[in-house]
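All remarks here apply to the structure that follows.
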Amino acid sequence: MEVAEISIGSTPNQINRENGKRRVVVTSNIRGRDLTSFVNEVRERINAQVNLPPGYYLEYGGAFENLVSASQRLSIVVPVTLAIIFGILLMAFSSFRDASIIFTGVPLALTGGVLALWFRDMPLSISAGIGFIALSGVAVLNGLVMLSFIKDWYEREGDLQQAIVEGAMTRLRPVLMTALVASLGFIPMALNTGTGAEVQRPIATVVIGGIISSTILTLLVLPALYRIAHFRSSKLA
């Protein structure tokens, strides 16, 4: 008894340490909801119901830590990608006005992707963000195909109204083919329920929804915007 006191009790079978401090890891699997909302709810309940003793602190790691890191990267990658796309359009047309008209396809395409996520009750995840990047390229490509034809016809014939009509009619099939190929190719991913579905479904949902809205813009709104932008110059000519 002078050296030690022996007793029987419950103790941890292992003591983990990190940076010289004791660490206890609590893990959980999440089903039926997104990771961000789950962690936010956990934080709220812990702050309201748990009083941590001095020297104790909480950290949220694992998949959530990776999610935060990826979100920070996307906040840089997405603006840079859009800026590069606009720069390429500017070099291709040598006209800020025409490049801006084509670039209007990106906001409407992104709107369609957001609505598709909302309709399927999916969160705005990293996979969805990657889908938005891919969607921006498809939206710009459709606009580029149509506007290039309209511009060439207008410069050759000098009739703005006829150039828009011919461009819309002639490029109808290529634009629809591009949209259908991309949409139909992503349908199996959008309906996947097996392994990897949590990554594939948001990407496919964003691309399909965005392509639908982007196609509507390309066929209807973009020719109207081109006419509005060049109407005054056609009158002067």
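Numbering starts fresh at 1 for the residues of each chain in the structure tokens, the chains themselves are lettered A, B, ... in the order given, and ligands are numbered from 1 as they appear.
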Might you pull out every residue within 7 Å of range 145-159 of chain A, with only C-alpha atoms counted and same-chain residues fewer than 5 positions away left off, and present them as a PDB file with N, CA and C atoms, in the first residue's frame?
```pdb
ATOM      1  N   ILE A 164     -29.390  35.752 -88.345  1.00  0.00           N
ATOM      2  CA  ILE A 164     -29.863  35.140 -87.099  1.00  0.00           C
ATOM      3  C   ILE A 164     -30.806  33.985 -87.400  1.00  0.00           C
ATOM      4  N   GLY A 167     -28.755  31.128 -88.900  1.00  0.00           N
ATOM      5  CA  GLY A 167     -27.910  30.519 -87.881  1.00  0.00           C
ATOM      6  C   GLY A 167     -28.700  29.652 -86.928  1.00  0.00           C
ATOM      7  N   ALA A 168     -29.865  30.142 -86.486  1.00  0.00           N
ATOM      8  CA  ALA A 168     -30.685  29.365 -85.566  1.00  0.00           C
ATOM      9  C   ALA A 168     -31.196  28.081 -86.206  1.00  0.00           C
ATOM     10  N   ARG A 171     -27.943  25.648 -87.210  1.00  0.00           N
ATOM     11  CA  ARG A 171     -27.227  25.087 -86.070  1.00  0.00           C
ATOM     12  C   ARG A 171     -28.150  24.418 -85.060  1.00  0.00           C
TER      13      ARG A 171
END
```
Pick out each residue of range 27-235 of chain A that DSSP on the backbone tags as alpha helix (DSSP H); I need them as number ranges by chain. A: 35-49, 63-93, 96-103, 105-119, 126-157, 160-170, 172-190, 197-216, 222-235
What does the structure give for the distance between CA of Gly131 in chain A and CA of Gly113 in chain A, in Å to one decimal? 8.6 Å
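Among the candidates A:Asn51, A:Thr104, A:Ser71, A:Asn40, the residue lying nearest to Val221 in chain A is A:Thr104 (atoms considered: only C-alpha atoms).
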Within 12 Å of range 115-123 of chain A, counting only C-alpha atoms, which residues show up once you throw out same-chain ones fewer than 5 positions away? Write them as a ChimeraX atom specification, please. /A:32-38,108-110,128-129,131-132,190-191,198-213
For the selection you just gave me, I'd like the residues written to a file as a CSV table (one decimal), in the first residue's frame, keeping N, CA and C atoms.
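What landed in selection10.csv:
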```
chain,number,residue,atom,x,y,z
A,32,GLY,N,-28.6,9.2,-45.7
A,32,GLY,CA,-29.8,9.9,-45.9
A,32,GLY,C,-29.7,11.4,-45.7
A,33,ARG,N,-28.5,12.0,-45.6
A,33,ARG,CA,-28.3,13.4,-45.5
A,33,ARG,C,-26.9,13.8,-45.9
A,34,ASP,N,-26.7,15.1,-46.1
A,34,ASP,CA,-25.4,15.5,-46.5
A,34,ASP,C,-24.5,15.7,-45.3
A,35,LEU,N,-23.2,15.7,-45.5
A,35,LEU,CA,-22.2,15.7,-44.4
A,35,LEU,C,-22.2,17.1,-43.8
A,36,THR,N,-22.3,18.2,-44.5
A,36,THR,CA,-22.2,19.5,-44.0
A,36,THR,C,-23.3,19.8,-43.0
A,37,SER,N,-24.5,19.5,-43.3
A,37,SER,CA,-25.6,19.8,-42.4
A,37,SER,C,-25.5,18.9,-41.2
A,38,PHE,N,-25.0,17.7,-41.3
A,38,PHE,CA,-24.9,16.8,-40.1
A,38,PHE,C,-23.8,17.4,-39.1
A,108,LEU,N,-27.1,30.8,-67.0
A,108,LEU,CA,-28.3,30.0,-67.2
A,108,LEU,C,-28.1,28.5,-67.0
A,109,ALA,N,-26.9,28.1,-67.5
A,109,ALA,CA,-26.6,26.7,-67.4
A,109,ALA,C,-26.4,26.3,-65.9
A,110,LEU,N,-25.8,27.2,-65.2
A,110,LEU,CA,-25.6,27.0,-63.7
A,110,LEU,C,-26.9,27.0,-63.0
A,128,ALA,N,-20.8,18.0,-57.1
A,128,ALA,CA,-21.7,18.9,-57.9
A,128,ALA,C,-20.8,20.1,-58.4
A,129,GLY,N,-19.9,20.6,-57.6
A,129,GLY,CA,-19.0,21.7,-58.1
A,129,GLY,C,-18.2,21.3,-59.3
A,131,GLY,N,-19.2,19.1,-61.5
A,131,GLY,CA,-20.2,19.1,-62.6
A,131,GLY,C,-20.4,20.5,-63.1
A,132,PHE,N,-20.4,21.5,-62.3
A,132,PHE,CA,-20.6,22.8,-62.7
A,132,PHE,C,-19.5,23.3,-63.6
A,190,ALA,N,-26.8,9.4,-63.2
A,190,ALA,CA,-27.8,10.1,-62.4
A,190,ALA,C,-28.7,9.1,-61.6
A,191,LEU,N,-28.9,7.9,-62.2
A,191,LEU,CA,-29.8,6.9,-61.6
A,191,LEU,C,-29.1,5.9,-60.8
A,198,GLU,N,-22.8,8.3,-54.5
A,198,GLU,CA,-22.8,9.6,-53.8
A,198,GLU,C,-21.9,10.6,-54.6
A,199,VAL,N,-21.0,10.1,-55.4
A,199,VAL,CA,-20.1,11.0,-56.2
A,199,VAL,C,-20.7,11.2,-57.6
A,200,GLN,N,-21.2,10.1,-58.2
A,200,GLN,CA,-21.7,10.2,-59.6
A,200,GLN,C,-23.0,10.9,-59.7
A,201,ARG,N,-23.9,10.7,-58.8
A,201,ARG,CA,-25.3,11.3,-59.0
A,201,ARG,C,-25.3,12.8,-59.0
A,202,PRO,N,-24.5,13.5,-58.1
A,202,PRO,CA,-24.5,15.0,-58.2
A,202,PRO,C,-23.9,15.5,-59.4
A,203,ILE,N,-22.8,14.9,-59.9
A,203,ILE,CA,-22.2,15.4,-61.2
A,203,ILE,C,-23.2,15.2,-62.3
A,204,ALA,N,-23.8,14.0,-62.5
A,204,ALA,CA,-24.7,13.8,-63.6
A,204,ALA,C,-26.0,14.7,-63.5
A,205,THR,N,-26.5,14.9,-62.3
A,205,THR,CA,-27.7,15.7,-62.1
A,205,THR,C,-27.4,17.1,-62.5
A,206,VAL,N,-26.3,17.7,-62.1
A,206,VAL,CA,-25.9,19.1,-62.5
A,206,VAL,C,-25.8,19.2,-64.0
A,207,VAL,N,-25.1,18.3,-64.6
A,207,VAL,CA,-24.8,18.4,-66.1
A,207,VAL,C,-26.1,18.2,-66.8
A,208,ILE,N,-27.0,17.3,-66.5
A,208,ILE,CA,-28.2,17.1,-67.2
A,208,ILE,C,-29.1,18.3,-67.1
A,209,GLY,N,-29.3,18.8,-65.9
A,209,GLY,CA,-30.2,20.0,-65.6
A,209,GLY,C,-29.6,21.2,-66.3
A,210,GLY,N,-28.3,21.4,-66.2
A,210,GLY,CA,-27.7,22.6,-66.8
A,210,GLY,C,-27.7,22.5,-68.3
A,211,ILE,N,-27.6,21.4,-68.9
A,211,ILE,CA,-27.6,21.3,-70.4
A,211,ILE,C,-29.0,21.6,-70.9
A,212,ILE,N,-30.0,21.2,-70.2
A,212,ILE,CA,-31.4,21.5,-70.7
A,212,ILE,C,-31.6,23.0,-70.7
A,213,SER,N,-31.2,23.7,-69.6
A,213,SER,CA,-31.4,25.2,-69.6
A,213,SER,C,-30.5,25.9,-70.5
```
Neighbouring residues of Leu82 in chain A were defined as those with any atom within 12 Å, considering only C-alpha atoms; residues of the same chain fewer than 6 positions away were excluded. Please report them as a tab-separated table (two decimals) with N, CA and C atoms, in the first residue's frame.
```
chain	number	residue	atom	x	y	z
A	74	LEU	N	-11.94	24.69	-54.62
A	74	LEU	CA	-12.93	25.02	-55.64
A	74	LEU	C	-13.23	26.51	-55.70
A	75	SER	N	-13.18	27.17	-54.54
A	75	SER	CA	-13.43	28.61	-54.53
A	75	SER	C	-12.39	29.37	-55.33
A	76	ILE	N	-11.25	28.74	-55.59
A	76	ILE	CA	-10.22	29.35	-56.43
A	76	ILE	C	-10.30	28.82	-57.86
A	88	ILE	N	-10.52	32.90	-73.59
A	88	ILE	CA	-10.46	32.17	-74.86
A	88	ILE	C	-11.51	32.71	-75.84
A	89	LEU	N	-12.72	32.97	-75.33
A	89	LEU	CA	-13.75	33.55	-76.19
A	89	LEU	C	-13.33	34.92	-76.71
A	100	SER	N	-19.08	38.25	-74.48
A	100	SER	CA	-20.03	38.37	-73.36
A	100	SER	C	-21.35	37.69	-73.70
A	103	PHE	N	-20.87	34.08	-73.25
A	103	PHE	CA	-20.64	33.77	-71.84
A	103	PHE	C	-21.93	33.81	-71.03
A	104	THR	N	-22.98	34.45	-71.56
A	104	THR	CA	-24.26	34.45	-70.84
A	104	THR	C	-24.85	33.05	-70.74
A	105	GLY	N	-24.34	32.12	-71.56
A	105	GLY	CA	-24.80	30.74	-71.45
A	105	GLY	C	-24.41	30.09	-70.14
A	106	VAL	N	-23.33	30.57	-69.53
A	106	VAL	CA	-22.85	29.96	-68.27
A	106	VAL	C	-23.82	30.20	-67.12
A	107	PRO	N	-24.28	31.43	-66.85
A	107	PRO	CA	-25.21	31.62	-65.72
A	107	PRO	C	-26.50	30.82	-65.84
A	110	LEU	N	-25.75	27.19	-65.15
A	110	LEU	CA	-25.56	26.96	-63.72
A	110	LEU	C	-26.90	26.99	-62.99
A	132	PHE	N	-20.41	21.47	-62.27
A	132	PHE	CA	-20.61	22.85	-62.75
A	132	PHE	C	-19.46	23.30	-63.65
A	133	ILE	N	-18.25	22.87	-63.32
A	133	ILE	CA	-17.10	23.23	-64.16
A	133	ILE	C	-17.24	22.60	-65.54
A	134	ALA	N	-17.58	21.30	-65.58
A	134	ALA	CA	-17.78	20.63	-66.87
A	134	ALA	C	-18.94	21.26	-67.63
A	135	LEU	N	-19.98	21.63	-66.92
A	135	LEU	CA	-21.17	22.22	-67.55
A	135	LEU	C	-20.85	23.55	-68.21
A	136	SER	N	-19.98	24.33	-67.61
A	136	SER	CA	-19.62	25.63	-68.18
A	136	SER	C	-19.00	25.47	-69.56
A	137	GLY	N	-18.17	24.45	-69.71
A	137	GLY	CA	-17.56	24.20	-71.02
A	137	GLY	C	-18.58	23.82	-72.07
A	139	ALA	N	-21.80	24.55	-72.10
A	139	ALA	CA	-22.65	25.71	-72.39
A	139	ALA	C	-21.96	26.68	-73.34
A	140	VAL	N	-20.69	26.92	-73.12
A	140	VAL	CA	-19.95	27.83	-73.99
A	140	VAL	C	-19.78	27.23	-75.38
```
9 Å contact set for Ala99 in chain A, only C-alpha atoms, chain neighbours under 6 positions out, as a PDB file with N, CA and C atoms, in the first residue's frame:
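Everything below was put into part12.pdb:
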```pdb
ATOM      1  N   PHE A  86     -13.616  32.820 -70.578  1.00  0.00           N
ATOM      2  CA  PHE A  86     -13.926  34.128 -71.162  1.00  0.00           C
ATOM      3  C   PHE A  86     -12.740  34.662 -71.955  1.00  0.00           C
ATOM      4  N   GLY A  87     -11.539  34.436 -71.469  1.00  0.00           N
ATOM      5  CA  GLY A  87     -10.358  34.891 -72.199  1.00  0.00           C
ATOM      6  C   GLY A  87     -10.216  34.199 -73.546  1.00  0.00           C
ATOM      7  N   ILE A  88     -10.521  32.899 -73.588  1.00  0.00           N
ATOM      8  CA  ILE A  88     -10.456  32.171 -74.865  1.00  0.00           C
ATOM      9  C   ILE A  88     -11.506  32.706 -75.838  1.00  0.00           C
ATOM     10  N   LEU A  89     -12.715  32.974 -75.327  1.00  0.00           N
ATOM     11  CA  LEU A  89     -13.752  33.553 -76.186  1.00  0.00           C
ATOM     12  C   LEU A  89     -13.334  34.919 -76.713  1.00  0.00           C
ATOM     13  N   LEU A  90     -12.699  35.693 -75.873  1.00  0.00           N
ATOM     14  CA  LEU A  90     -12.260  37.029 -76.276  1.00  0.00           C
ATOM     15  C   LEU A  90     -11.210  36.945 -77.378  1.00  0.00           C
ATOM     16  N   MET A  91     -10.312  35.984 -77.269  1.00  0.00           N
ATOM     17  CA  MET A  91      -9.294  35.817 -78.309  1.00  0.00           C
ATOM     18  C   MET A  91      -9.904  35.269 -79.593  1.00  0.00           C
ATOM     19  N   ALA A  92     -10.922  34.407 -79.467  1.00  0.00           N
ATOM     20  CA  ALA A  92     -11.522  33.796 -80.651  1.00  0.00           C
ATOM     21  C   ALA A  92     -12.318  34.797 -81.472  1.00  0.00           C
ATOM     22  N   PHE A  93     -13.023  35.732 -80.812  1.00  0.00           N
ATOM     23  CA  PHE A  93     -13.887  36.670 -81.521  1.00  0.00           C
ATOM     24  C   PHE A  93     -13.302  38.074 -81.625  1.00  0.00           C
ATOM     25  N   LEU A 144     -20.852  28.947 -78.832  1.00  0.00           N
ATOM     26  CA  LEU A 144     -19.804  29.222 -79.815  1.00  0.00           C
ATOM     27  C   LEU A 144     -20.180  28.681 -81.185  1.00  0.00           C
TER      28      LEU A 144
END
```
Can you work out the spacing between CA of Thr81 in chain A and CA of Val181 in chain A in Å, to one decimal? 23.4 Å
